[in-house]
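Everything below belongs to coords_17.tsv, which stores TSV, C-alpha atoms and all ligand atoms.
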```
chain	number	residue	atom	x	y	z
A	60	MET	CA	336.58	102.89	200.47
A	61	LYS	CA	338.73	100.91	202.91
A	62	LYS	CA	336.99	98.24	204.99
A	63	ARG	CA	338.18	95.68	207.51
A	64	ILE	CA	336.37	92.36	207.22
A	65	VAL	CA	336.72	89.46	209.63
A	66	LEU	CA	336.21	86.03	208.06
A	67	LEU	CA	334.93	83.25	210.32
A	68	PRO	CA	334.76	80.14	208.11
A	69	GLY	CA	333.88	77.86	211.04
A	70	ASP	CA	333.15	74.22	210.25
A	71	GLY	CA	332.19	71.94	207.37
A	72	VAL	CA	331.07	73.72	204.20
A	73	GLY	CA	331.59	77.03	206.03
A	74	GLN	CA	335.24	76.77	204.99
A	75	GLU	CA	334.33	76.31	201.35
A	76	VAL	CA	331.68	79.01	201.00
A	77	VAL	CA	333.63	81.70	202.87
A	78	GLN	CA	336.39	81.24	200.28
A	79	SER	CA	333.75	81.95	197.60
A	80	ALA	CA	332.65	85.10	199.43
A	81	ARG	CA	336.22	86.31	199.48
A	82	GLU	CA	336.62	85.83	195.73
A	83	VAL	CA	333.41	87.73	195.11
A	84	LEU	CA	334.57	90.58	197.36
A	85	ASP	CA	337.90	90.75	195.52
A	86	ALA	CA	335.99	91.14	192.27
A	87	ILE	CA	333.85	93.93	193.77
A	88	ALA	CA	336.94	95.67	195.16
A	89	GLU	CA	338.58	95.61	191.74
A	90	GLN	CA	335.48	96.66	189.83
A	91	PHE	CA	334.49	99.50	192.16
A	92	ASP	CA	337.93	100.56	193.38
A	93	HIS	CA	337.61	99.61	197.06
A	94	GLU	CA	340.19	98.18	199.44
A	95	PHE	CA	339.00	95.26	201.56
A	96	SER	CA	341.33	93.73	204.13
A	97	TYR	CA	340.57	90.30	205.55
A	98	GLN	CA	341.42	88.68	208.84
A	99	ALA	CA	340.48	85.02	209.25
A	100	CYS	CA	339.70	83.76	212.78
A	101	ASP	CA	338.49	80.54	214.35
A	102	ILE	CA	335.01	79.98	215.70
A	103	GLY	CA	332.87	76.96	216.52
A	104	GLY	CA	334.22	73.41	216.39
A	105	ALA	CA	337.43	74.50	214.64
A	106	ALA	CA	338.10	76.87	217.56
A	107	VAL	CA	337.31	74.19	220.15
A	108	ASP	CA	339.91	71.95	218.49
A	109	CYS	CA	342.62	74.65	218.34
A	110	SER	CA	342.00	76.73	221.46
A	111	GLY	CA	339.66	74.73	223.68
A	112	THR	CA	336.79	77.24	223.37
A	113	PRO	CA	334.21	77.91	220.63
A	114	PHE	CA	334.73	81.70	220.85
A	115	PRO	CA	338.39	82.54	221.55
A	116	ALA	CA	339.30	85.98	222.94
A	117	GLU	CA	341.37	86.77	219.80
A	118	THR	CA	338.30	86.16	217.66
A	119	GLU	CA	336.17	88.36	219.88
A	120	ASP	CA	338.75	91.19	219.77
A	121	ALA	CA	339.07	90.97	216.00
A	122	CYS	CA	335.27	91.09	215.57
A	123	HIS	CA	335.00	94.17	217.77
A	124	GLN	CA	337.52	95.97	215.57
A	125	ALA	CA	335.98	94.91	212.26
A	126	ASP	CA	333.67	96.91	210.00
A	127	ALA	CA	331.76	93.70	209.26
A	128	ILE	CA	331.99	89.96	209.78
A	129	LEU	CA	331.32	87.07	207.41
A	130	LEU	CA	330.59	83.69	208.94
A	131	GLY	CA	330.28	80.31	207.21
A	132	ALA	CA	328.64	77.85	209.61
A	133	VAL	CA	329.44	76.10	212.85
A	134	GLY	CA	328.87	72.60	214.18
A	135	GLY	CA	329.12	68.99	213.14
A	136	PRO	CA	328.87	65.46	214.49
A	137	LYS	CA	332.43	65.59	215.80
A	138	TRP	CA	331.36	67.97	218.60
A	139	ASP	CA	327.78	66.77	219.18
A	140	GLN	CA	328.67	65.04	222.45
A	141	ASN	CA	330.62	68.00	223.86
A	142	PRO	CA	329.43	69.61	227.11
A	143	SER	CA	327.35	72.75	226.44
A	144	HIS	CA	330.20	75.27	226.97
A	145	LEU	CA	332.24	73.43	224.33
A	146	ARG	CA	329.47	73.25	221.74
A	147	PRO	CA	330.23	75.05	218.46
A	148	GLU	CA	326.83	76.88	218.49
A	149	LYS	CA	327.85	78.50	221.77
A	150	GLY	CA	330.46	80.44	219.80
A	151	LEU	CA	327.83	81.94	217.52
A	152	LEU	CA	325.50	82.90	220.39
A	153	GLN	CA	328.38	84.51	222.26
A	154	LEU	CA	329.44	86.42	219.17
A	155	ARG	CA	325.93	87.87	218.58
A	156	LYS	CA	325.62	88.80	222.22
A	157	SER	CA	329.11	90.26	222.55
A	158	LEU	CA	328.49	92.56	219.57
A	159	GLY	CA	324.90	93.46	220.58
A	160	LEU	CA	323.47	92.36	217.22
A	161	PHE	CA	319.77	92.81	217.95
A	162	ALA	CA	318.25	92.72	214.47
A	163	ASN	CA	318.21	89.60	212.35
A	164	LEU	CA	317.30	90.24	208.71
A	165	ARG	CA	316.27	87.36	206.49
A	166	PRO	CA	315.27	88.19	202.93
A	167	ILE	CA	313.32	85.44	201.22
A	168	LYS	CA	312.94	85.65	197.49
A	169	GLY	CA	311.67	82.97	195.18
A	170	PHE	CA	313.98	82.69	192.16
A	171	SER	CA	311.82	81.83	189.16
A	172	GLN	CA	314.13	78.94	188.16
A	173	LEU	CA	313.58	77.25	191.52
A	174	LEU	CA	309.84	77.66	192.02
A	175	HIS	CA	309.09	74.09	190.98
A	176	ALA	CA	311.45	72.82	193.74
A	177	SER	CA	309.27	74.35	196.47
A	178	PRO	CA	306.82	71.94	198.13
A	179	LEU	CA	304.22	74.69	197.62
A	180	LYS	CA	302.38	75.35	194.39
A	181	GLU	CA	304.29	77.47	191.89
A	182	GLU	CA	301.36	79.86	191.49
A	183	VAL	CA	301.34	80.44	195.27
A	184	VAL	CA	305.08	81.08	195.74
A	185	GLY	CA	305.68	82.83	192.41
A	186	GLY	CA	306.66	86.46	192.96
A	187	SER	CA	307.18	86.15	196.70
A	188	ASP	CA	309.82	88.56	197.93
A	189	LEU	CA	309.80	89.34	201.61
A	190	LEU	CA	312.09	90.34	204.45
A	191	ILE	CA	311.72	89.04	207.99
A	192	VAL	CA	313.11	91.37	210.65
A	193	ARG	CA	313.46	89.31	213.82
A	194	GLU	CA	314.38	90.65	217.25
A	195	LEU	CA	317.44	88.64	218.24
A	196	THR	CA	318.64	89.46	221.74
A	197	GLY	CA	315.48	89.65	223.89
A	198	GLY	CA	312.26	87.78	224.57
A	199	LEU	CA	311.77	84.20	225.61
A	200	TYR	CA	315.24	82.97	224.66
A	201	PHE	CA	316.96	85.38	227.04
A	202	GLY	CA	314.33	86.08	229.76
A	203	THR	CA	314.99	85.22	233.40
A	204	PRO	CA	313.96	83.26	235.31
A	205	SER	CA	314.19	80.27	233.00
A	206	GLU	CA	314.33	77.14	235.12
A	207	ILE	CA	312.83	73.82	236.03
A	208	SER	CA	311.98	72.99	239.65
A	209	LYS	CA	314.12	70.44	241.52
A	210	ASP	CA	311.26	67.93	241.58
A	211	ARG	CA	310.75	68.49	237.83
A	212	GLU	CA	307.05	69.20	238.41
A	213	SER	CA	307.04	72.84	237.29
A	214	VAL	CA	308.96	74.96	234.83
A	215	VAL	CA	309.20	78.63	233.88
A	216	ASP	CA	310.48	80.62	230.90
A	217	THR	CA	310.09	84.39	230.78
A	218	LEU	CA	309.09	86.55	227.84
A	219	ALA	CA	310.44	89.98	228.73
A	220	TYR	CA	311.01	93.11	226.63
A	221	GLN	CA	312.12	96.63	227.44
A	222	ARG	CA	310.40	99.41	225.45
A	223	MET	CA	313.82	100.44	224.11
A	224	GLU	CA	314.42	96.94	222.72
A	225	ILE	CA	311.13	97.04	220.83
A	226	GLU	CA	311.69	100.58	219.58
A	227	ARG	CA	315.06	99.85	217.99
A	228	ILE	CA	313.90	96.73	216.13
A	229	VAL	CA	310.70	98.41	214.96
A	230	GLU	CA	312.74	101.36	213.69
A	231	LYS	CA	315.02	98.99	211.79
A	232	ALA	CA	311.94	97.41	210.22
A	233	PHE	CA	310.42	100.74	209.19
A	234	GLN	CA	313.74	101.79	207.65
A	235	SER	CA	313.95	98.49	205.78
A	236	ALA	CA	310.37	98.85	204.52
A	237	ARG	CA	311.19	102.34	203.26
A	238	LEU	CA	313.94	100.83	201.07
A	239	ARG	CA	311.56	98.19	199.71
A	240	ARG	CA	307.85	98.21	198.82
A	241	LYS	CA	306.92	100.27	201.90
A	242	HIS	CA	304.60	97.79	203.54
A	243	LEU	CA	305.21	96.62	207.11
A	244	THR	CA	303.43	93.73	208.80
A	245	SER	CA	303.98	93.59	212.55
A	246	VAL	CA	303.37	90.11	213.91
A	247	ASP	CA	302.40	89.56	217.57
A	248	LYS	CA	299.94	87.82	219.85
A	249	ALA	CA	298.34	90.97	221.25
A	250	ASN	CA	295.06	89.23	222.05
A	251	VAL	CA	296.87	87.25	224.77
A	252	LEU	CA	300.36	88.53	225.65
A	253	GLU	CA	301.21	91.75	227.52
A	254	SER	CA	304.57	91.89	225.71
A	255	SER	CA	302.68	91.91	222.41
A	256	LYS	CA	300.42	94.76	223.57
A	257	LEU	CA	303.47	96.93	224.22
A	258	TRP	CA	304.94	95.76	220.90
A	259	ARG	CA	301.80	96.91	219.06
A	260	GLU	CA	301.75	100.21	220.96
A	261	VAL	CA	305.35	100.96	219.93
A	262	VAL	CA	304.61	100.15	216.27
A	263	GLU	CA	301.60	102.51	216.37
A	264	GLU	CA	303.74	105.30	217.88
A	265	LYS	CA	306.59	104.89	215.37
A	266	LYS	CA	304.17	104.88	212.45
A	267	ALA	CA	303.87	108.67	212.61
A	268	GLU	CA	307.57	109.02	211.71
A	269	TYR	CA	307.14	106.90	208.57
A	270	PRO	CA	303.99	108.21	206.87
A	271	ASP	CA	305.10	106.68	203.56
A	272	VAL	CA	305.00	103.14	205.01
A	273	THR	CA	301.68	101.31	205.36
A	274	VAL	CA	301.37	99.28	208.54
A	275	GLU	CA	299.36	96.20	209.29
A	276	HIS	CA	299.17	94.06	212.46
A	277	GLN	CA	298.72	90.31	212.27
A	278	LEU	CA	298.42	87.68	214.96
A	279	VAL	CA	301.21	85.13	214.72
A	280	ASP	CA	299.01	82.09	214.19
A	281	SER	CA	297.21	83.62	211.26
A	282	ALA	CA	300.45	85.10	209.87
A	283	ALA	CA	301.94	81.58	209.87
A	284	MET	CA	299.02	80.41	207.78
A	285	LYS	CA	299.15	83.34	205.33
A	286	LEU	CA	302.89	82.96	204.88
A	287	ILE	CA	302.38	79.74	202.95
A	288	THR	CA	298.92	80.35	201.48
A	289	ASN	CA	299.46	83.90	200.23
A	290	PRO	CA	303.13	84.87	200.67
A	291	THR	CA	303.04	87.66	198.10
A	292	GLN	CA	300.98	89.84	200.48
A	293	PHE	CA	304.12	90.39	202.59
A	294	ASP	CA	306.91	92.90	202.12
A	295	VAL	CA	308.60	93.41	205.51
A	296	ILE	CA	307.59	91.41	208.59
A	297	VAL	CA	308.78	92.54	212.03
A	298	THR	CA	308.42	90.29	215.03
A	299	GLU	CA	309.87	89.19	218.37
A	300	ASN	CA	312.59	86.61	218.78
A	301	MET	CA	310.73	83.29	219.01
A	302	PHE	CA	307.95	84.14	216.54
A	303	GLY	CA	310.67	85.27	214.12
A	304	ASP	CA	312.65	82.08	214.60
A	305	ILE	CA	309.64	79.96	213.69
A	306	LEU	CA	308.29	82.13	210.87
A	307	SER	CA	311.67	82.51	209.18
A	308	ASP	CA	312.19	78.74	209.02
A	309	GLU	CA	308.66	78.35	207.72
A	310	ALA	CA	309.27	81.02	205.08
A	311	SER	CA	312.45	79.31	203.90
A	312	VAL	CA	310.35	76.66	202.11
A	313	LEU	CA	309.15	79.37	199.70
A	314	THR	CA	312.48	79.34	197.89
A	315	GLY	CA	313.00	75.63	197.44
A	316	SER	CA	316.59	75.52	198.66
A	317	LEU	CA	318.45	76.16	201.88
A	318	GLY	CA	321.58	76.85	199.86
A	319	MET	CA	320.08	80.12	198.54
A	320	LEU	CA	319.15	81.95	201.75
A	321	PRO	CA	321.31	84.72	203.21
A	322	SER	CA	320.96	86.47	206.56
A	323	ALA	CA	322.32	89.42	208.48
A	324	SER	CA	322.48	90.25	212.16
A	325	VAL	CA	323.03	93.96	212.69
A	326	ARG	CA	322.90	96.80	215.20
A	327	THR	CA	322.24	100.52	214.83
A	328	ASP	CA	325.77	101.65	213.89
A	329	GLY	CA	325.98	99.41	210.83
A	330	VAL	CA	328.36	96.77	212.19
A	331	GLY	CA	326.97	93.40	211.24
A	332	LEU	CA	327.44	89.67	211.03
A	333	TYR	CA	326.50	88.08	207.70
A	334	GLU	CA	325.96	84.37	207.28
A	335	PRO	CA	324.05	81.85	205.21
A	336	VAL	CA	320.94	80.38	206.85
A	337	HIS	CA	322.18	76.82	206.29
A	338	GLY	CA	324.49	74.90	208.63
A	339	SER	CA	327.81	73.13	208.13
A	340	ALA	CA	326.27	70.40	205.91
A	341	PRO	CA	328.49	67.57	207.22
A	342	ASP	CA	327.10	65.18	204.59
A	343	ILE	CA	328.74	67.12	201.74
A	344	ALA	CA	331.57	68.95	203.57
A	345	GLY	CA	334.98	68.70	201.95
A	346	LYS	CA	333.58	67.51	198.62
A	347	GLY	CA	333.65	70.92	196.95
A	348	VAL	CA	329.99	70.72	195.91
A	349	ALA	CA	328.32	73.12	198.38
A	350	ASN	CA	326.13	75.84	196.95
A	351	PRO	CA	327.96	79.13	197.65
A	352	ILE	CA	324.98	81.37	196.76
A	353	ALA	CA	323.56	81.79	200.28
A	354	MET	CA	327.02	82.96	201.39
A	355	ILE	CA	327.48	85.17	198.32
A	356	LEU	CA	324.07	86.81	198.85
A	357	SER	CA	325.00	87.33	202.52
A	358	THR	CA	328.05	89.18	201.22
A	359	ALA	CA	325.76	91.40	199.13
A	360	MET	CA	323.80	92.16	202.31
A	361	MET	CA	327.06	93.15	204.00
A	362	LEU	CA	327.90	95.56	201.19
A	363	ARG	CA	324.46	97.14	201.43
A	364	HIS	CA	323.83	97.24	205.18
A	365	SER	CA	327.29	97.71	206.68
A	366	PHE	CA	329.06	99.62	203.91
A	367	GLN	CA	326.17	101.48	202.20
A	368	MET	CA	327.45	100.08	198.89
A	369	ASP	CA	324.11	99.65	197.23
A	370	GLU	CA	325.36	99.57	193.67
A	371	GLU	CA	327.96	96.95	194.59
A	372	ALA	CA	325.35	94.82	196.37
A	373	CYS	CA	323.11	94.97	193.31
A	374	ALA	CA	326.04	93.93	191.11
A	375	VAL	CA	326.46	90.77	193.20
A	376	GLU	CA	322.73	89.99	193.23
A	377	GLU	CA	322.40	90.55	189.50
A	378	ALA	CA	325.39	88.31	188.81
A	379	VAL	CA	323.74	85.53	190.84
A	380	GLN	CA	320.48	85.98	188.95
A	381	GLU	CA	322.34	85.87	185.64
A	382	VAL	CA	324.21	82.69	186.55
A	383	LEU	CA	320.87	81.00	187.34
A	384	ASN	CA	319.41	82.33	184.09
A	385	PHE	CA	322.25	80.59	182.26
A	386	GLY	CA	321.19	77.36	183.97
A	387	TYR	CA	324.33	76.89	186.08
A	388	HIS	CA	323.41	75.18	189.33
A	389	THR	CA	324.96	73.20	192.16
A	390	ALA	CA	323.73	69.68	192.97
A	391	ASP	CA	321.24	70.88	195.62
A	392	LEU	CA	319.31	72.99	193.09
A	393	HIS	CA	316.89	70.90	191.11
A	394	ILE	CA	316.97	72.89	187.92
A	395	LYS	CA	315.92	71.07	184.79
A	396	GLY	CA	318.50	71.23	182.04
A	397	GLY	CA	321.41	73.63	182.33
A	398	GLU	CA	324.81	72.64	183.62
A	399	GLN	CA	325.60	71.23	187.06
A	400	VAL	CA	328.73	72.82	188.54
A	401	ASN	CA	330.74	72.60	191.76
A	402	THR	CA	331.41	75.31	194.36
A	403	LYS	CA	334.49	76.71	192.64
A	404	GLU	CA	332.88	76.83	189.20
A	405	MET	CA	329.71	78.45	190.53
A	406	THR	CA	331.83	81.08	192.26
A	407	ARG	CA	333.83	81.70	189.10
A	408	HIS	CA	330.63	82.26	187.11
A	409	VAL	CA	329.39	84.82	189.67
A	410	VAL	CA	332.79	86.55	189.64
A	411	GLU	CA	332.71	86.72	185.84
A	412	GLY	CA	329.18	88.13	186.03
A	413	ILE	CA	330.43	90.92	188.28
B	1	LIG	P1	322.45	71.96	207.33
B	1	LIG	O1	321.91	73.26	206.90
B	1	LIG	O2	323.90	71.91	207.60
B	1	LIG	O3	322.10	70.83	206.24
B	1	LIG	C1	320.77	70.47	205.89
B	1	LIG	C2	320.77	69.84	204.47
B	1	LIG	O4	320.96	70.89	203.51
B	1	LIG	C3	321.91	68.84	204.25
B	1	LIG	O5	321.47	67.82	203.41
B	1	LIG	C4	322.96	69.67	203.54
B	1	LIG	O6	323.81	68.93	202.71
B	1	LIG	C5	322.12	70.66	202.73
B	1	LIG	N1	322.83	71.93	202.59
B	1	LIG	C6	323.03	72.88	203.54
B	1	LIG	N2	323.75	73.89	203.05
B	1	LIG	C7	324.01	73.59	201.77
B	1	LIG	C8	324.75	74.24	200.73
B	1	LIG	N3	325.34	75.43	200.91
B	1	LIG	N4	324.81	73.62	199.53
B	1	LIG	C9	324.22	72.43	199.31
B	1	LIG	N5	323.52	71.78	200.24
B	1	LIG	C10	323.42	72.33	201.46
B	1	LIG	O7	321.63	71.54	208.64
B	1	LIG	P2	321.82	70.28	209.59
B	1	LIG	O8	322.23	69.08	208.80
B	1	LIG	O9	320.62	70.23	210.41
B	1	LIG	O10	323.01	70.67	210.56
B	1	LIG	C11	324.38	70.30	210.35
B	1	LIG	C12	325.24	71.02	211.37
B	1	LIG	O11	325.18	72.44	211.15
B	1	LIG	C13	324.79	70.80	212.80
B	1	LIG	O12	325.93	70.66	213.61
B	1	LIG	C14	324.04	72.07	213.16
B	1	LIG	O13	324.08	72.36	214.53
B	1	LIG	C15	324.81	73.10	212.36
B	1	LIG	N6	324.04	74.31	212.01
B	1	LIG	C16	324.71	75.48	212.08
B	1	LIG	C17	324.09	76.67	211.73
B	1	LIG	C18	324.90	77.91	211.77
B	1	LIG	O14	326.09	77.87	211.86
B	1	LIG	N7	324.29	79.06	211.65
B	1	LIG	C19	322.70	76.69	211.30
B	1	LIG	C20	322.08	75.38	211.19
B	1	LIG	C21	322.75	74.24	211.57
B	2	MG	MG	315.92	78.58	213.96
```

When written as structure tokens, how does the structure in this file appear?
Amino acid sequence: MKKRIVLLPGDGVGQEVVQSAREVLDAIAEQFDHEFSYQACDIGGAAVDCSGTPFPAETEDACHQADAILLGAVGGPKWDQNPSHLRPEKGLLQLRKSLGLFANLRPIKGFSQLLHASPLKEEVVGGSDLLIVRELTGGLYFGTPSEISKDRESVVDTLAYQRMEIERIVEKAFQSARLRRKHLTSVDKANVLESSKLWREVVEEKKAEYPDVTVEHQLVDSAAMKLITNPTQFDVIVTENMFGDILSDEASVLTGSLGMLPSASVRTDGVGLYEPVHGSAPDIAGKGVANPIAMILSTAMMLRHSFQMDEEACAVEEAVQEVLNFGYHTADLHIKGGEQVNTKEMTRHVVEGI
């Protein structure tokens, strides 16, 4: 298969880990006889420096023509004092919005070698393997009005959803559950919020189309508690934008390292943006020691979700698992014994595994 991939390295370690992703993709292309073409574009702080905007028109055009997009990370202290339209993060928000990427998928899986690095008890996190499906373009973060009064005595934010916006994310979650252990937990606050009542209604309606998936509703406060006391009860979680933002950061502690977590932002036609959960890691940028696994696992998600290359995605994931089994780890992974390696060496081991 021929695929056009846009690479957006961005800032800091983004540059280093996107290079790793490319090497992994080259190995997959060779092994499975595909043809991947790459176009690298600027975004974030790097784009502000070159073109005076965090999301240049050329980058936007290239992304619209791509089959999928891989992004490293954006941001860094260099741009922290910039006015809001020249902030690197603005580039990422504009990109998601411009492409209509409404579903954010964050798989969270505890690798057995890393369980001891989690602040939670090993027996609690052991075996946890869940997927958070977060609505990404609606809700509180985008509702209008959102303003503070002139006298700064009152303030309003709006939590708004259209039925269609709920339907498409819920469908994505049911489809994801079908490919996994077929259990869906819908998280809301239906005892208080009207938006959550409609959310629950839509989930109940859609349920009929997925009789093989078991459905459960949980209130967000109790879900937050269960996520760290009994995470293995979850398979797929679907929830609105802000609840998903908070729960997915909470769930990231299950794995013990930020450098291991991939994510995808997709829409119905398969086009997607794939990026590690971590940021530009300014403290280690340029040193060649970043953990490339979050980026490499994001690449596996791209193969699976945008290209329907399931076997290829599994090959990448298995290679990562194997490398950890051998004890190879970057400095951020507190694995006892084994060999500590840098970004390039870690990537080479994964490529050899493939
Ligand atoms: P961060 O994720 O960049 O770093 C947090 C800690 O984790 C640091 O100690 C870092 O060295 C470590 N870390 C992160 N990724 C790693 C990797 N691949 N390998 C080894 N260690 C890793 O978060 P922080 O420090 O809060 O933010 C730094 C910059 O990144 C900020 O400008 C922030 O706005 C931006 N950021 C960008 C995101 C994105 O592009 N999606 C997401 C989060 C933050
Ligand atoms: Mg967040």

Notebook entry, point to check: In Å, with one decimal, what is the gap from atom N7 of ligand LIG 1 (chain B) to CA of Ala132 in chain A?
Noted result: 5.0 Å

Notebook entry, point to check: Counting all atoms listed in the file, which of A:Ile225, A:Ala121, A:Met284, A:Val409 gets nearest to Ser157 in chain A?
Noted result: A:Ala121

Residues within 10 Å of ligand MG 2 (chain B) should be enumerated using all atoms listed in the file and returned as an mmCIF file with C-alpha atoms, in the coordinates of the input.
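Written out: part34.cif:
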```
data_model
loop_
_atom_site.group_PDB
_atom_site.id
_atom_site.type_symbol
_atom_site.label_atom_id
_atom_site.label_comp_id
_atom_site.auth_asym_id
_atom_site.auth_seq_id
_atom_site.Cartn_x
_atom_site.Cartn_y
_atom_site.Cartn_z
ATOM 1 C CA ASN A 300 312.590 86.610 218.780
ATOM 2 C CA MET A 301 310.730 83.290 219.010
ATOM 3 C CA GLY A 303 310.670 85.270 214.120
ATOM 4 C CA ASP A 304 312.650 82.080 214.600
ATOM 5 C CA ILE A 305 309.640 79.960 213.690
ATOM 6 C CA LEU A 306 308.290 82.130 210.870
ATOM 7 C CA SER A 307 311.670 82.510 209.180
ATOM 8 C CA ASP A 308 312.190 78.740 209.020
ATOM 9 C CA GLU A 309 308.660 78.350 207.720
ATOM 10 C CA VAL A 336 320.940 80.380 206.850
#
```

Checklist line | Coordinates-based distance that separates CA of Ala340 in chain A from atom C2 of ligand LIG 1 (chain B) (Å, one decimal) | finding: 5.7 Å

Taking only residues of chain A that have an atom at most 10 Å from an atom of ligand LIG 1 (chain B), what is each one's shortest atom pair and its distance in Å to one decimal, using all atoms listed in the file, in chain and number order, as JSON lines?
```
{"residue": "A:Pro68", "atom": "CA", "partner": "B:LIG1", "partner_atom": "O14", "distance": 9.7}
{"residue": "A:Gly69", "atom": "CA", "partner": "B:LIG1", "partner_atom": "O14", "distance": 7.8}
{"residue": "A:Asp70", "atom": "CA", "partner": "B:LIG1", "partner_atom": "O14", "distance": 8.1}
{"residue": "A:Gly71", "atom": "CA", "partner": "B:LIG1", "partner_atom": "O11", "distance": 8.0}
{"residue": "A:Val72", "atom": "CA", "partner": "B:LIG1", "partner_atom": "N3", "distance": 6.8}
{"residue": "A:Gly73", "atom": "CA", "partner": "B:LIG1", "partner_atom": "O14", "distance": 8.1}
{"residue": "A:Glu75", "atom": "CA", "partner": "B:LIG1", "partner_atom": "N3", "distance": 9.0}
{"residue": "A:Val76", "atom": "CA", "partner": "B:LIG1", "partner_atom": "N3", "distance": 7.3}
{"residue": "A:Ile102", "atom": "CA", "partner": "B:LIG1", "partner_atom": "O14", "distance": 9.9}
{"residue": "A:Gly103", "atom": "CA", "partner": "B:LIG1", "partner_atom": "O14", "distance": 8.3}
{"residue": "A:Gly104", "atom": "CA", "partner": "B:LIG1", "partner_atom": "O12", "distance": 9.2}
{"residue": "A:Leu130", "atom": "CA", "partner": "B:LIG1", "partner_atom": "O14", "distance": 7.9}
{"residue": "A:Gly131", "atom": "CA", "partner": "B:LIG1", "partner_atom": "O14", "distance": 6.7}
{"residue": "A:Ala132", "atom": "CA", "partner": "B:LIG1", "partner_atom": "O14", "distance": 3.4}
{"residue": "A:Val133", "atom": "CA", "partner": "B:LIG1", "partner_atom": "O14", "distance": 3.9}
{"residue": "A:Gly134", "atom": "CA", "partner": "B:LIG1", "partner_atom": "O12", "distance": 3.6}
{"residue": "A:Gly135", "atom": "CA", "partner": "B:LIG1", "partner_atom": "O12", "distance": 3.6}
{"residue": "A:Pro136", "atom": "CA", "partner": "B:LIG1", "partner_atom": "O12", "distance": 6.0}
{"residue": "A:Lys137", "atom": "CA", "partner": "B:LIG1", "partner_atom": "O12", "distance": 8.5}
{"residue": "A:Trp138", "atom": "CA", "partner": "B:LIG1", "partner_atom": "O12", "distance": 7.8}
{"residue": "A:Asp139", "atom": "CA", "partner": "B:LIG1", "partner_atom": "O12", "distance": 7.0}
{"residue": "A:Arg146", "atom": "CA", "partner": "B:LIG1", "partner_atom": "O13", "distance": 9.0}
{"residue": "A:Pro147", "atom": "CA", "partner": "B:LIG1", "partner_atom": "O13", "distance": 7.8}
{"residue": "A:Glu148", "atom": "CA", "partner": "B:LIG1", "partner_atom": "O13", "distance": 6.6}
{"residue": "A:Gly150", "atom": "CA", "partner": "B:LIG1", "partner_atom": "O14", "distance": 9.4}
{"residue": "A:Leu151", "atom": "CA", "partner": "B:LIG1", "partner_atom": "O14", "distance": 7.2}
{"residue": "A:Leu152", "atom": "CA", "partner": "B:LIG1", "partner_atom": "N7", "distance": 9.6}
{"residue": "A:Ser316", "atom": "CA", "partner": "B:LIG1", "partner_atom": "O4", "distance": 8.0}
{"residue": "A:Leu317", "atom": "CA", "partner": "B:LIG1", "partner_atom": "C6", "distance": 5.9}
{"residue": "A:Gly318", "atom": "CA", "partner": "B:LIG1", "partner_atom": "N3", "distance": 4.2}
{"residue": "A:Met319", "atom": "CA", "partner": "B:LIG1", "partner_atom": "N3", "distance": 7.4}
{"residue": "A:Leu320", "atom": "CA", "partner": "B:LIG1", "partner_atom": "N3", "distance": 9.0}
{"residue": "A:Ser322", "atom": "CA", "partner": "B:LIG1", "partner_atom": "N7", "distance": 9.6}
{"residue": "A:Glu334", "atom": "CA", "partner": "B:LIG1", "partner_atom": "N7", "distance": 7.1}
{"residue": "A:Pro335", "atom": "CA", "partner": "B:LIG1", "partner_atom": "N7", "distance": 7.0}
{"residue": "A:Val336", "atom": "CA", "partner": "B:LIG1", "partner_atom": "N7", "distance": 6.0}
{"residue": "A:His337", "atom": "CA", "partner": "B:LIG1", "partner_atom": "O1", "distance": 3.6}
{"residue": "A:Gly338", "atom": "CA", "partner": "B:LIG1", "partner_atom": "O2", "distance": 3.2}
{"residue": "A:Ser339", "atom": "CA", "partner": "B:LIG1", "partner_atom": "O11", "distance": 4.1}
{"residue": "A:Ala340", "atom": "CA", "partner": "B:LIG1", "partner_atom": "O2", "distance": 3.3}
{"residue": "A:Pro341", "atom": "CA", "partner": "B:LIG1", "partner_atom": "C11", "distance": 5.8}
{"residue": "A:Asp342", "atom": "CA", "partner": "B:LIG1", "partner_atom": "O6", "distance": 5.3}
{"residue": "A:Ile343", "atom": "CA", "partner": "B:LIG1", "partner_atom": "O6", "distance": 5.3}
{"residue": "A:Ala344", "atom": "CA", "partner": "B:LIG1", "partner_atom": "O6", "distance": 7.8}
{"residue": "A:Gly347", "atom": "CA", "partner": "B:LIG1", "partner_atom": "N4", "distance": 9.6}
{"residue": "A:Val348", "atom": "CA", "partner": "B:LIG1", "partner_atom": "C9", "distance": 6.9}
{"residue": "A:Ala349", "atom": "CA", "partner": "B:LIG1", "partner_atom": "N4", "distance": 3.7}
{"residue": "A:Asn350", "atom": "CA", "partner": "B:LIG1", "partner_atom": "N4", "distance": 3.7}
{"residue": "A:Pro351", "atom": "CA", "partner": "B:LIG1", "partner_atom": "N3", "distance": 5.6}
{"residue": "A:Ile352", "atom": "CA", "partner": "B:LIG1", "partner_atom": "N3", "distance": 7.3}
{"residue": "A:Ala353", "atom": "CA", "partner": "B:LIG1", "partner_atom": "N3", "distance": 6.6}
{"residue": "A:Met354", "atom": "CA", "partner": "B:LIG1", "partner_atom": "N3", "distance": 7.7}
{"residue": "A:Thr389", "atom": "CA", "partner": "B:LIG1", "partner_atom": "C9", "distance": 7.2}
{"residue": "A:Ala390", "atom": "CA", "partner": "B:LIG1", "partner_atom": "C9", "distance": 6.9}
{"residue": "A:Asp391", "atom": "CA", "partner": "B:LIG1", "partner_atom": "C9", "distance": 5.0}
{"residue": "A:Leu392", "atom": "CA", "partner": "B:LIG1", "partner_atom": "C9", "distance": 7.9}
{"residue": "A:Asn401", "atom": "CA", "partner": "B:LIG1", "partner_atom": "N4", "distance": 9.8}
{"residue": "A:Thr402", "atom": "CA", "partner": "B:LIG1", "partner_atom": "N4", "distance": 8.6}
```
